[in-house]
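Colleague: mmCIF, C-alpha atoms (C1' of nucleotides), file my_file_11.cif:
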```cif
data_target
#
loop_
_atom_site.label_atom_id
_atom_site.label_comp_id
_atom_site.auth_asym_id
_atom_site.auth_seq_id
_atom_site.Cartn_x
_atom_site.Cartn_y
_atom_site.Cartn_z
CA MET A 81 94.43 87.11 101.76
CA LEU A 82 96.23 89.10 104.44
CA SER A 83 98.82 91.63 103.31
CA LYS A 84 102.39 90.81 104.20
CA THR A 85 102.35 93.69 106.65
CA CYS A 86 99.32 92.18 108.33
CA GLU A 87 100.83 88.70 108.46
CA TYR A 88 103.88 90.14 110.21
CA ALA A 89 101.65 92.10 112.57
CA VAL A 90 99.59 89.08 113.58
CA ARG A 91 102.60 86.84 114.08
CA ALA A 92 104.42 89.53 116.04
CA MET A 93 101.46 90.12 118.31
CA ILE A 94 101.16 86.40 119.00
CA TYR A 95 104.86 86.24 119.76
CA VAL A 96 104.77 89.22 122.09
CA ALA A 97 101.71 87.79 123.83
CA GLN A 98 103.47 84.47 124.36
CA ASN A 99 106.38 86.34 125.90
CA SER A 100 104.49 88.81 128.06
CA GLN A 101 103.81 86.42 130.88
CA ASN A 102 105.82 87.94 133.71
CA GLY A 103 106.19 91.59 132.89
CA GLN A 104 109.21 91.04 130.66
CA MET A 105 109.71 93.21 127.59
CA VAL A 106 110.45 91.81 124.17
CA ASN A 107 112.59 93.85 121.81
CA ILE A 108 112.19 94.30 118.08
CA LYS A 109 115.34 92.44 117.20
CA LYS A 110 114.10 89.32 118.94
CA ILE A 111 110.62 89.63 117.50
CA ALA A 112 111.93 90.01 113.96
CA GLU A 113 114.17 87.00 114.40
CA LYS A 114 111.41 84.86 115.83
CA ILE A 115 108.75 85.65 113.27
CA GLY A 116 111.06 85.91 110.27
CA SER A 117 110.52 89.52 109.29
CA PRO A 118 112.68 92.53 108.47
CA GLU A 119 113.59 94.15 111.76
CA LEU A 120 112.96 97.77 110.88
CA PHE A 121 109.72 96.90 109.15
CA ILE A 122 108.08 95.04 112.00
CA GLY A 123 109.38 97.85 114.20
CA LYS A 124 107.34 100.36 112.24
CA ILE A 125 104.27 98.17 112.30
CA LEU A 126 104.38 97.61 116.05
CA GLN A 127 105.04 101.28 116.71
CA GLY A 128 101.83 102.01 114.85
CA LEU A 129 99.86 99.39 116.75
CA SER A 130 101.34 100.65 119.97
CA LYS A 131 100.19 104.20 119.29
CA ARG A 132 96.72 102.85 118.63
CA GLY A 133 96.67 101.01 121.93
CA PHE A 134 97.10 97.41 120.86
CA LEU A 135 100.23 96.88 122.91
CA GLN A 136 102.56 98.69 125.28
CA SER A 137 106.06 99.88 124.51
CA SER A 138 108.87 101.31 126.53
CA LYS A 139 111.84 103.15 125.17
CA GLY A 140 115.47 103.13 126.15
CA ARG A 141 117.77 100.43 127.31
CA TYR A 142 116.04 97.18 128.18
CA GLY A 143 112.96 98.60 126.55
CA GLY A 144 110.66 96.74 124.19
CA PHE A 145 107.08 95.70 123.70
CA TYR A 146 104.60 94.18 126.05
CA ILE A 147 101.00 93.00 125.94
CA ASN A 148 99.15 93.53 129.19
CA ASP A 149 96.01 91.75 130.30
CA ASN A 150 93.83 94.42 128.83
CA ASP A 151 95.60 94.41 125.46
CA ALA A 152 95.31 90.64 125.45
CA LYS A 153 91.55 90.86 125.18
CA HIS A 154 92.05 91.72 121.52
CA SER A 155 91.51 89.00 118.97
CA LEU A 156 93.49 88.36 115.81
CA ALA A 157 90.50 89.77 113.92
CA ASP A 158 90.96 93.09 115.70
CA ILE A 159 94.56 93.21 114.55
CA VAL A 160 93.71 92.21 111.00
CA ILE A 161 91.09 94.94 110.77
CA ALA A 162 93.43 97.50 112.31
CA VAL A 163 96.11 96.76 109.74
CA ASP A 164 94.28 95.71 106.56
CA GLY A 165 90.81 97.08 107.12
CA ASP A 166 87.72 94.92 106.99
CA LYS A 167 87.56 94.20 103.27
CA ILE A 168 88.60 90.62 103.92
CA PHE A 169 85.63 90.12 106.24
CA LYS A 170 83.11 92.31 104.47
CA GLY A 171 84.13 92.58 100.81
CA CYS A 172 82.59 90.98 97.74
CA GLY A 173 83.98 87.77 96.28
CA VAL A 174 84.36 89.24 92.81
CA GLY A 175 85.24 92.80 93.82
CA LEU A 176 81.93 94.62 93.46
CA ASP A 177 81.53 97.72 95.62
CA TYR A 178 77.77 97.56 95.95
CA CYS A 179 77.35 93.79 96.34
CA SER A 180 74.59 92.96 98.84
CA GLU A 181 71.48 90.84 99.33
CA LYS A 182 69.59 93.26 97.12
CA LYS A 183 72.18 93.45 94.38
CA PRO A 184 74.12 90.24 94.87
CA CYS A 185 77.10 89.13 92.85
CA PRO A 186 76.91 85.61 91.41
CA ILE A 187 78.41 84.00 94.50
CA HIS A 188 77.16 86.42 97.10
CA SER A 189 75.40 84.29 99.63
CA GLU A 190 77.82 81.36 99.72
CA TYR A 191 80.75 83.71 99.80
CA LYS A 192 79.25 85.62 102.67
CA THR A 193 79.00 82.43 104.68
CA ALA A 194 82.67 81.62 104.07
CA ARG A 195 83.71 85.19 104.88
CA ASN A 196 81.82 85.04 108.17
CA GLN A 197 83.38 81.74 109.03
CA LEU A 198 86.79 83.26 108.40
CA PHE A 199 85.94 86.19 110.63
CA ASN A 200 84.88 83.89 113.43
CA ILE A 201 88.15 82.02 113.22
CA TYR A 202 90.25 85.16 113.64
CA LYS A 203 87.80 86.58 116.15
CA SER A 204 87.86 83.61 118.45
CA ALA A 205 91.66 83.51 118.59
CA THR A 206 92.45 86.00 121.33
CA LEU A 207 95.85 87.11 122.54
CA GLU A 208 94.94 85.90 126.02
CA GLN A 209 95.07 82.34 124.73
CA PHE A 210 98.67 82.83 123.66
CA LYS A 211 99.65 84.69 126.78
CA SER A 212 98.75 81.72 128.92
CA LEU A 213 100.67 79.15 126.91
CA LYS A 214 103.58 77.44 128.64
CA GLY A 215 106.83 75.97 127.40
CA SER A 216 106.21 73.26 124.88
CA GLU A 217 102.80 74.65 123.97
CA LEU A 218 104.43 77.76 122.54
CA VAL A 219 103.70 78.29 118.89
CA MET A 220 106.45 78.54 116.29
CA LEU A 221 106.10 81.62 114.15
CA LYS A 222 109.21 81.79 112.04
CA ARG A 223 108.20 82.18 108.47
CA LYS A 224 110.28 79.43 106.87
CA MET B 275 91.52 88.51 99.08
CA LEU B 276 91.75 88.51 95.30
CA SER B 277 94.11 90.98 93.68
CA LYS B 278 92.47 93.75 91.70
CA THR B 279 93.80 92.15 88.53
CA CYS B 280 92.10 88.91 89.50
CA GLU B 281 88.81 90.60 90.35
CA TYR B 282 88.81 92.20 86.91
CA ALA B 283 89.67 88.89 85.29
CA VAL B 284 86.87 86.99 87.00
CA ARG B 285 84.25 89.64 86.27
CA ALA B 286 85.40 89.93 82.67
CA MET B 287 85.22 86.19 82.14
CA ILE B 288 81.72 86.09 83.58
CA TYR B 289 80.70 88.95 81.33
CA VAL B 290 82.17 87.37 78.23
CA ALA B 291 80.52 84.06 79.11
CA GLN B 292 77.16 85.73 79.47
CA ASN B 293 77.62 87.27 76.05
CA SER B 294 78.99 84.28 74.19
CA GLN B 295 75.66 82.63 73.59
CA ASN B 296 75.31 82.82 69.82
CA GLY B 297 78.81 83.09 68.47
CA GLN B 298 79.00 86.85 68.95
CA MET B 299 82.29 88.46 69.90
CA VAL B 300 82.60 90.94 72.74
CA ASN B 301 85.21 93.67 72.45
CA ILE B 302 87.43 95.07 75.14
CA LYS B 303 85.81 98.48 75.16
CA LYS B 304 82.46 96.95 75.99
CA ILE B 305 83.90 94.59 78.57
CA ALA B 306 85.75 97.38 80.34
CA GLU B 307 82.62 99.50 80.40
CA LYS B 308 80.45 96.70 81.73
CA ILE B 309 82.75 95.52 84.50
CA GLY B 310 84.11 98.95 85.45
CA SER B 311 87.77 98.47 84.70
CA PRO B 312 90.48 100.36 82.79
CA GLU B 313 90.17 99.35 79.17
CA LEU B 314 93.81 98.76 78.36
CA PHE B 315 94.35 96.94 81.60
CA ILE B 316 91.60 94.37 81.21
CA GLY B 317 92.79 94.05 77.64
CA LYS B 318 96.19 92.92 78.83
CA ILE B 319 94.68 90.53 81.30
CA LEU B 320 92.39 88.87 78.79
CA GLN B 321 95.17 88.64 76.22
CA GLY B 322 97.13 86.69 78.76
CA LEU B 323 94.24 84.39 79.59
CA SER B 324 93.57 83.95 75.90
CA LYS B 325 97.14 82.82 75.25
CA ARG B 326 96.76 80.32 78.06
CA GLY B 327 93.60 78.92 76.53
CA PHE B 328 90.93 80.26 78.86
CA LEU B 329 89.04 82.03 76.10
CA GLN B 330 89.16 82.67 72.38
CA SER B 331 90.06 85.94 70.69
CA SER B 332 89.90 87.20 67.16
CA LYS B 333 91.75 90.20 65.83
CA GLY B 334 90.74 92.86 63.38
CA ARG B 335 87.52 94.68 62.74
CA TYR B 336 84.52 93.18 64.53
CA GLY B 337 86.96 91.07 66.49
CA GLY B 338 86.84 90.47 70.20
CA PHE B 339 86.68 87.75 72.80
CA TYR B 340 84.59 84.65 73.02
CA ILE B 341 84.13 81.74 75.39
CA ASN B 342 83.28 78.50 73.64
CA ASP B 343 81.66 75.48 75.21
CA ASN B 344 84.97 73.95 76.04
CA ASP B 345 86.34 77.12 77.65
CA ALA B 346 83.12 77.34 79.62
CA LYS B 347 83.95 74.22 81.53
CA HIS B 348 86.38 76.29 83.54
CA SER B 349 85.35 77.42 86.98
CA LEU B 350 86.02 80.74 88.66
CA ALA B 351 88.56 78.88 90.79
CA ASP B 352 90.53 77.99 87.66
CA ILE B 353 90.68 81.66 86.73
CA VAL B 354 91.63 82.76 90.22
CA ILE B 355 94.47 80.26 90.33
CA ALA B 356 95.62 81.21 86.84
CA VAL B 357 95.85 84.87 87.79
CA ASP B 358 96.72 84.97 91.50
CA GLY B 359 98.13 81.52 92.10
CA ASP B 360 96.75 79.18 94.74
CA LYS B 361 97.92 80.93 97.86
CA ILE B 362 94.37 81.97 98.63
CA PHE B 363 93.24 78.33 98.59
CA LYS B 364 96.35 76.73 100.04
CA GLY B 365 98.18 79.35 102.09
CA CYS B 366 98.48 79.68 105.86
CA GLY B 367 96.20 82.00 107.82
CA VAL B 368 99.08 83.83 109.47
CA GLY B 369 101.56 83.65 106.58
CA LEU B 370 103.78 80.73 107.55
CA ASP B 371 105.47 78.94 104.66
CA TYR B 372 105.69 75.55 106.31
CA CYS B 373 102.31 75.47 108.04
CA SER B 374 100.76 71.98 107.95
CA GLU B 375 99.13 69.31 110.09
CA LYS B 376 102.55 68.42 111.45
CA LYS B 377 103.65 71.99 112.14
CA PRO B 378 100.39 73.84 112.40
CA CYS B 379 99.98 77.54 112.98
CA PRO B 380 97.65 78.52 115.83
CA ILE B 381 94.57 78.55 113.62
CA HIS B 382 95.59 75.89 111.14
CA SER B 383 92.77 73.41 111.16
CA GLU B 384 89.85 75.82 111.35
CA TYR B 385 91.46 78.03 108.74
CA LYS B 386 91.93 75.11 106.44
CA THR B 387 88.25 74.33 106.63
CA ALA B 388 87.32 77.89 105.70
CA ARG B 389 89.86 77.93 102.89
CA ASN B 390 88.43 74.73 101.46
CA GLN B 391 84.94 76.10 101.66
CA LEU B 392 86.10 79.16 99.75
CA PHE B 393 87.68 76.98 97.12
CA ASN B 394 84.48 75.00 96.69
CA ILE B 395 82.51 78.18 96.19
CA TYR B 396 84.74 79.39 93.36
CA LYS B 397 85.11 75.88 92.01
CA SER B 398 81.42 75.19 91.72
CA ALA B 399 80.74 78.42 89.85
CA THR B 400 81.49 77.46 86.25
CA LEU B 401 81.36 79.68 83.20
CA GLU B 402 78.78 77.37 81.68
CA GLN B 403 76.31 78.55 84.28
CA PHE B 404 76.74 82.13 83.11
CA LYS B 405 76.70 81.24 79.44
CA SER B 406 73.23 79.80 79.75
CA LEU B 407 71.69 82.77 81.55
CA LYS B 408 68.99 84.68 79.68
CA GLY B 409 67.87 88.30 79.75
CA SER B 410 66.81 89.31 83.22
CA GLU B 411 68.93 86.61 84.83
CA LEU B 412 72.09 88.32 83.60
CA VAL B 413 74.40 89.39 86.36
CA MET B 414 75.47 93.00 86.86
CA LEU B 415 79.22 93.34 87.08
CA LYS B 416 79.94 97.04 87.04
CA ARG B 417 82.15 97.83 89.94
CA LYS B 418 80.22 100.77 91.47
"C1'" DC C 92 127.39 111.63 134.31
"C1'" DT C 93 128.44 108.76 130.66
"C1'" DT C 94 127.48 105.05 127.89
"C1'" DA C 95 125.01 101.58 125.49
"C1'" DA C 96 120.74 99.82 124.01
"C1'" DT C 97 116.62 100.60 122.78
"C1'" DT C 98 112.04 102.86 120.68
"C1'" DC C 99 110.47 106.58 117.75
"C1'" DA C 100 109.86 109.80 113.72
"C1'" DG C 101 110.40 111.15 109.30
"C1'" DA C 102 112.54 110.66 105.02
"C1'" DT C 103 113.96 107.68 101.45
"C1'" DA C 104 114.37 103.57 98.49
"C1'" DA C 105 113.19 99.23 96.33
"C1'" DA C 106 109.83 96.07 94.69
"C1'" DT C 107 105.44 94.94 93.11
"C1'" DT C 108 101.03 95.89 91.31
"C1'" DT C 109 98.16 98.61 88.60
"C1'" DG C 110 97.51 101.34 84.67
"C1'" DT C 111 98.88 103.73 80.06
"C1'" DC C 112 101.10 104.70 75.57
"C1'" DT C 113 102.55 103.60 70.98
"C1'" DG C 114 102.59 101.40 67.03
"C1'" DA C 115 102.26 96.96 64.50
"C1'" DA C 116 99.39 93.22 62.76
"C1'" DT C 117 94.98 91.59 61.48
"C1'" DT C 118 90.43 91.53 59.75
"C1'" DA C 119 85.82 92.72 57.76
"C1'" DA C 120 83.28 95.97 55.29
"C1'" DA C 121 82.65 99.41 51.90
"C1'" DT D 206 92.00 97.89 47.70
"C1'" DT D 207 91.39 101.14 50.94
"C1'" DT D 208 89.73 102.17 55.40
"C1'" DA D 209 88.32 101.68 60.06
"C1'" DA D 210 88.15 98.91 64.04
"C1'" DT D 211 89.99 95.83 66.54
"C1'" DT D 212 93.61 92.59 69.18
"C1'" DC D 213 98.46 92.17 70.24
"C1'" DA D 214 103.27 93.17 71.92
"C1'" DG D 215 106.45 95.58 74.31
"C1'" DA D 216 107.84 99.50 76.58
"C1'" DC D 217 106.75 102.88 79.92
"C1'" DA D 218 104.58 105.27 84.03
"C1'" DA D 219 102.08 105.84 88.24
"C1'" DA D 220 100.58 104.15 92.56
"C1'" DT D 221 100.93 101.26 96.36
"C1'" DT D 222 103.21 98.16 99.33
"C1'" DT D 223 107.26 96.59 101.41
"C1'" DA D 224 111.66 97.64 103.26
"C1'" DT D 225 115.65 100.61 104.79
"C1'" DC D 226 118.31 104.64 106.45
"C1'" DT D 227 119.40 108.28 109.66
"C1'" DG D 228 119.39 110.51 113.57
"C1'" DA D 229 116.82 112.03 117.74
"C1'" DA D 230 114.82 110.86 122.21
"C1'" DT D 231 114.64 107.91 126.06
"C1'" DT D 232 116.10 104.88 129.60
"C1'" DA D 233 118.78 101.72 132.68
"C1'" DA D 234 123.24 100.37 134.16
"C1'" DG D 235 127.77 101.20 135.39
#
```
In structure tokens, what does this structure look like?
Modeller:
Amino acid sequence: MLSKTCEYAVRAMIYVAQNSQNGQMVNIKKIAEKIGSPELFIGKILQGLSKRGFLQSSKGRYGGFYINDNDAKHSLADIVIAVDGDKIFKGCGVGLDYCSEKKPCPIHSEYKTARNQLFNIYKSATLEQFKSLKGSELVMLKRK
Amino acid sequence: MLSKTCEYAVRAMIYVAQNSQNGQMVNIKKIAEKIGSPELFIGKILQGLSKRGFLQSSKGRYGGFYINDNDAKHSLADIVIAVDGDKIFKGCGVGLDYCSEKKPCPIHSEYKTARNQLFNIYKSATLEQFKSLKGSELVMLKRK
DNA sequence: CTTAATTCAGATAAATTTGTCTGAATTAAA
DNA sequence: TTTAATTCAGACAAATTTATCTGAATTAAG
């Protein structure tokens, strides 16, 4: 479903959100370790998201990434769309470009329902929710 | 969601089913044209599915592919799993390997529901349904 | 001011997926 | 029996995705 890049991105954003509670920065090394991703790769991904305004970054010693209250308004769906595009939420279930109510594929209407449900799931999970988690509520994100 | 290979496979199988009504064979050239795929590529894919018993093939002049009544019991879900594996129907929504009821990811239970719904959609679309379609009911499968 | 730790930028490399080429084997029709 | 049309098999190639390398720029601490 999600590309690997996108899975890393979503997990990283959740992790950063969880660790952005009191102005502290999280560095790439820690993020990579905690979400189980290649360090340089998730670095690239977050740098891209940072340039596009999904999170803050600061360079130099003791630098890292941070998700402020405004960034935290984003949902996981926003991140997914930013990284993978909206094909997952809008595309056809058998890969037709033109598929629509008028020219439906064989599973169009049911598939559309499922797709929308999926969208709502990612959409209703906002970074704010993770930012406010405490201690034992924190979510594990290591891949294996 | 589905890989391109899998999208081709599903559309091709639907097309062959639709055209397997009276023992006629459908050749790769025609299939490729009708589903909008590279000819040699869908050829490879169908050869693989044929070896694994998802459809019949016959070589030589006037040869081609055919879906018999037994093959037609397969659902689109069977094809998807044969080609892409079951990650789409079983995998975690944020890419965790261990994600489960016991160690759930942040969207585990809702995601699982959506995943299951998706599975049911592909599962309840069987090739039989396409094999029995007539004339104007036939489904368009060209990509663009 | 120097040093160490970090992000950043651009190039490169490896792995995977998608697509093509070539020729052999098979088959039906003429 | 020859020919033409097809699937089949295995190698190859191109494109995309995933991952790494290198060095520059930045920043805080000592």
Colleague: Please provide chain A as an mmCIF file with C-alpha atoms, keeping the file's coordinate frame, once it has been superposed on chain B by least squares across all sequentially paired Cα atoms.
Modeller:
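Listing of selection_25.cif after writing:
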```cif
data_model
loop_
_atom_site.group_PDB
_atom_site.id
_atom_site.type_symbol
_atom_site.label_atom_id
_atom_site.label_comp_id
_atom_site.auth_asym_id
_atom_site.auth_seq_id
_atom_site.Cartn_x
_atom_site.Cartn_y
_atom_site.Cartn_z
ATOM 1 C CA MET A 81 91.542 88.502 99.096
ATOM 2 C CA LEU A 82 91.728 88.510 95.308
ATOM 3 C CA SER A 83 94.100 90.975 93.670
ATOM 4 C CA LYS A 84 92.464 93.741 91.700
ATOM 5 C CA THR A 85 93.788 92.153 88.534
ATOM 6 C CA CYS A 86 92.097 88.911 89.489
ATOM 7 C CA GLU A 87 88.810 90.602 90.350
ATOM 8 C CA TYR A 88 88.791 92.212 86.908
ATOM 9 C CA ALA A 89 89.668 88.889 85.304
ATOM 10 C CA VAL A 90 86.855 87.004 87.013
ATOM 11 C CA ARG A 91 84.254 89.657 86.284
ATOM 12 C CA ALA A 92 85.389 89.940 82.675
ATOM 13 C CA MET A 93 85.224 86.204 82.150
ATOM 14 C CA ILE A 94 81.713 86.088 83.586
ATOM 15 C CA TYR A 95 80.693 88.945 81.330
ATOM 16 C CA VAL A 96 82.168 87.358 78.228
ATOM 17 C CA ALA A 97 80.522 84.051 79.114
ATOM 18 C CA GLN A 98 77.146 85.745 79.485
ATOM 19 C CA ASN A 99 77.620 87.280 76.057
ATOM 20 C CA SER A 100 78.987 84.283 74.190
ATOM 21 C CA GLN A 101 75.658 82.637 73.606
ATOM 22 C CA ASN A 102 75.336 82.815 69.835
ATOM 23 C CA GLY A 103 78.839 83.064 68.494
ATOM 24 C CA GLN A 104 79.011 86.827 68.942
ATOM 25 C CA MET A 105 82.294 88.466 69.901
ATOM 26 C CA VAL A 106 82.620 90.940 72.726
ATOM 27 C CA ASN A 107 85.221 93.672 72.441
ATOM 28 C CA ILE A 108 87.456 95.071 75.146
ATOM 29 C CA LYS A 109 85.828 98.462 75.176
ATOM 30 C CA LYS A 110 82.464 96.948 76.005
ATOM 31 C CA ILE A 111 83.909 94.591 78.581
ATOM 32 C CA ALA A 112 85.755 97.387 80.360
ATOM 33 C CA GLU A 113 82.624 99.500 80.416
ATOM 34 C CA LYS A 114 80.469 96.694 81.729
ATOM 35 C CA ILE A 115 82.754 95.526 84.499
ATOM 36 C CA GLY A 116 84.096 98.944 85.460
ATOM 37 C CA SER A 117 87.769 98.487 84.693
ATOM 38 C CA PRO A 118 90.467 100.367 82.801
ATOM 39 C CA GLU A 119 90.164 99.357 79.173
ATOM 40 C CA LEU A 120 93.810 98.773 78.371
ATOM 41 C CA PHE A 121 94.339 96.915 81.614
ATOM 42 C CA ILE A 122 91.589 94.356 81.213
ATOM 43 C CA GLY A 123 92.786 94.058 77.621
ATOM 44 C CA LYS A 124 96.185 92.917 78.823
ATOM 45 C CA ILE A 125 94.688 90.510 81.311
ATOM 46 C CA LEU A 126 92.388 88.864 78.784
ATOM 47 C CA GLN A 127 95.158 88.646 76.210
ATOM 48 C CA GLY A 128 97.131 86.672 78.761
ATOM 49 C CA LEU A 129 94.225 84.384 79.582
ATOM 50 C CA SER A 130 93.564 83.947 75.905
ATOM 51 C CA LYS A 131 97.126 82.825 75.240
ATOM 52 C CA ARG A 132 96.758 80.312 78.042
ATOM 53 C CA GLY A 133 93.587 78.909 76.539
ATOM 54 C CA PHE A 134 90.923 80.261 78.855
ATOM 55 C CA LEU A 135 89.043 82.048 76.107
ATOM 56 C CA GLN A 136 89.148 82.688 72.378
ATOM 57 C CA SER A 137 90.059 85.939 70.686
ATOM 58 C CA SER A 138 89.936 87.212 67.167
ATOM 59 C CA LYS A 139 91.767 90.205 65.848
ATOM 60 C CA GLY A 140 90.773 92.878 63.397
ATOM 61 C CA ARG A 141 87.556 94.655 62.748
ATOM 62 C CA TYR A 142 84.565 93.153 64.512
ATOM 63 C CA GLY A 143 87.008 91.092 66.498
ATOM 64 C CA GLY A 144 86.851 90.479 70.229
ATOM 65 C CA PHE A 145 86.685 87.750 72.809
ATOM 66 C CA TYR A 146 84.587 84.661 73.014
ATOM 67 C CA ILE A 147 84.121 81.748 75.393
ATOM 68 C CA ASN A 148 83.278 78.507 73.646
ATOM 69 C CA ASP A 149 81.642 75.480 75.202
ATOM 70 C CA ASN A 150 84.965 73.960 76.035
ATOM 71 C CA ASP A 151 86.326 77.123 77.657
ATOM 72 C CA ALA A 152 83.106 77.360 79.625
ATOM 73 C CA LYS A 153 83.952 74.206 81.522
ATOM 74 C CA HIS A 154 86.383 76.298 83.546
ATOM 75 C CA SER A 155 85.327 77.412 86.986
ATOM 76 C CA LEU A 156 86.013 80.736 88.658
ATOM 77 C CA ALA A 157 88.559 78.880 90.796
ATOM 78 C CA ASP A 158 90.516 77.992 87.668
ATOM 79 C CA ILE A 159 90.669 81.650 86.723
ATOM 80 C CA VAL A 160 91.625 82.758 90.213
ATOM 81 C CA ILE A 161 94.466 80.251 90.321
ATOM 82 C CA ALA A 162 95.617 81.204 86.833
ATOM 83 C CA VAL A 163 95.836 84.862 87.785
ATOM 84 C CA ASP A 164 96.708 84.949 91.499
ATOM 85 C CA GLY A 165 98.110 81.498 92.094
ATOM 86 C CA ASP A 166 96.733 79.162 94.716
ATOM 87 C CA LYS A 167 97.918 80.914 97.865
ATOM 88 C CA ILE A 168 94.360 81.960 98.619
ATOM 89 C CA PHE A 169 93.228 78.330 98.588
ATOM 90 C CA LYS A 170 96.326 76.723 100.036
ATOM 91 C CA GLY A 171 98.174 79.341 102.095
ATOM 92 C CA CYS A 172 98.477 79.696 105.855
ATOM 93 C CA GLY A 173 96.204 82.017 107.808
ATOM 94 C CA VAL A 174 99.089 83.835 109.455
ATOM 95 C CA GLY A 175 101.565 83.653 106.573
ATOM 96 C CA LEU A 176 103.776 80.727 107.547
ATOM 97 C CA ASP A 177 105.480 78.939 104.660
ATOM 98 C CA TYR A 178 105.708 75.544 106.302
ATOM 99 C CA CYS A 179 102.315 75.475 108.039
ATOM 100 C CA SER A 180 100.781 71.983 107.935
ATOM 101 C CA GLU A 181 99.144 69.325 110.094
ATOM 102 C CA LYS A 182 102.565 68.446 111.451
ATOM 103 C CA LYS A 183 103.683 71.989 112.121
ATOM 104 C CA PRO A 184 100.397 73.844 112.382
ATOM 105 C CA CYS A 185 99.989 77.543 112.966
ATOM 106 C CA PRO A 186 97.658 78.526 115.812
ATOM 107 C CA ILE A 187 94.571 78.538 113.607
ATOM 108 C CA HIS A 188 95.593 75.888 111.135
ATOM 109 C CA SER A 189 92.780 73.414 111.157
ATOM 110 C CA GLU A 190 89.861 75.842 111.344
ATOM 111 C CA TYR A 191 91.449 78.040 108.743
ATOM 112 C CA LYS A 192 91.935 75.108 106.440
ATOM 113 C CA THR A 193 88.242 74.329 106.629
ATOM 114 C CA ALA A 194 87.321 77.906 105.705
ATOM 115 C CA ARG A 195 89.879 77.957 102.888
ATOM 116 C CA ASN A 196 88.434 74.750 101.459
ATOM 117 C CA GLN A 197 84.945 76.108 101.675
ATOM 118 C CA LEU A 198 86.088 79.170 99.764
ATOM 119 C CA PHE A 199 87.674 76.981 97.124
ATOM 120 C CA ASN A 200 84.486 75.004 96.695
ATOM 121 C CA ILE A 201 82.511 78.177 96.181
ATOM 122 C CA TYR A 202 84.735 79.390 93.348
ATOM 123 C CA LYS A 203 85.103 75.873 92.001
ATOM 124 C CA SER A 204 81.418 75.194 91.724
ATOM 125 C CA ALA A 205 80.733 78.430 89.845
ATOM 126 C CA THR A 206 81.465 77.470 86.256
ATOM 127 C CA LEU A 207 81.370 79.687 83.201
ATOM 128 C CA GLU A 208 78.779 77.372 81.675
ATOM 129 C CA GLN A 209 76.297 78.565 84.277
ATOM 130 C CA PHE A 210 76.732 82.137 83.095
ATOM 131 C CA LYS A 211 76.709 81.239 79.442
ATOM 132 C CA SER A 212 73.235 79.806 79.742
ATOM 133 C CA LEU A 213 71.706 82.770 81.533
ATOM 134 C CA LYS A 214 68.988 84.673 79.695
ATOM 135 C CA GLY A 215 67.856 88.275 79.753
ATOM 136 C CA SER A 216 66.805 89.304 83.205
ATOM 137 C CA GLU A 217 68.922 86.612 84.837
ATOM 138 C CA LEU A 218 72.074 88.316 83.598
ATOM 139 C CA VAL A 219 74.387 89.380 86.365
ATOM 140 C CA MET A 220 75.467 92.987 86.827
ATOM 141 C CA LEU A 221 79.211 93.323 87.074
ATOM 142 C CA LYS A 222 79.937 97.014 87.043
ATOM 143 C CA ARG A 223 82.129 97.815 89.953
ATOM 144 C CA LYS A 224 80.225 100.743 91.454
#
```
Colleague: Sorted by chain and rising residue number, which residues of chain D lie within 6 Å of chain A, and what are their closest atom pairs and distances in Å to one decimal, counting all atoms listed in the file, as CSV?
Modeller:
```
residue,atom,partner,partner_atom,distance
D:DT231,C1',A:Gly140,CA,4.9
D:DT232,C1',A:Gly140,CA,3.9
D:DA233,C1',A:Arg141,CA,5.6
```
Colleague: Per residue of chain C within 7 Å of chain A, which atom pair is closest and at what distance in Å (one decimal), using only C-alpha atoms (C1' of nucleotides), listed by chain and increasing number, as a Markdown table?
Modeller:
```
| residue | atom | partner | partner_atom | distance |
| --- | --- | --- | --- | --- |
| C:DA96 | C1' | A:Arg141 | CA | 4.5 |
| C:DT97 | C1' | A:Gly140 | CA | 4.4 |
| C:DT98 | C1' | A:Lys139 | CA | 4.5 |
```
Colleague: Could you tell me, as a ChimeraX atom specification, exactly which residues end up selected when the PyMOL selection byres ((chain B) within 8 of (chain A)) is applied to this structure?
Modeller: /B:275-276,278,281-282,284-285,362,367-372,379-381,384-385,388,391-392,395-396,399,413-418
Colleague: Assuming the chain letters and numbering stay as they are in my file, what does the PyMOL selection byres ((chain C and resi 102) around 9) actually select? List them as a PyMOL selection string.
Modeller: (chain C and resi 101+103) or (chain D and resi 226-227)
Colleague: To one decimal in Å, tell me the separation between C1' of DT108 in chain C and C1' of DG215 in chain D.
Modeller: 17.8 Å
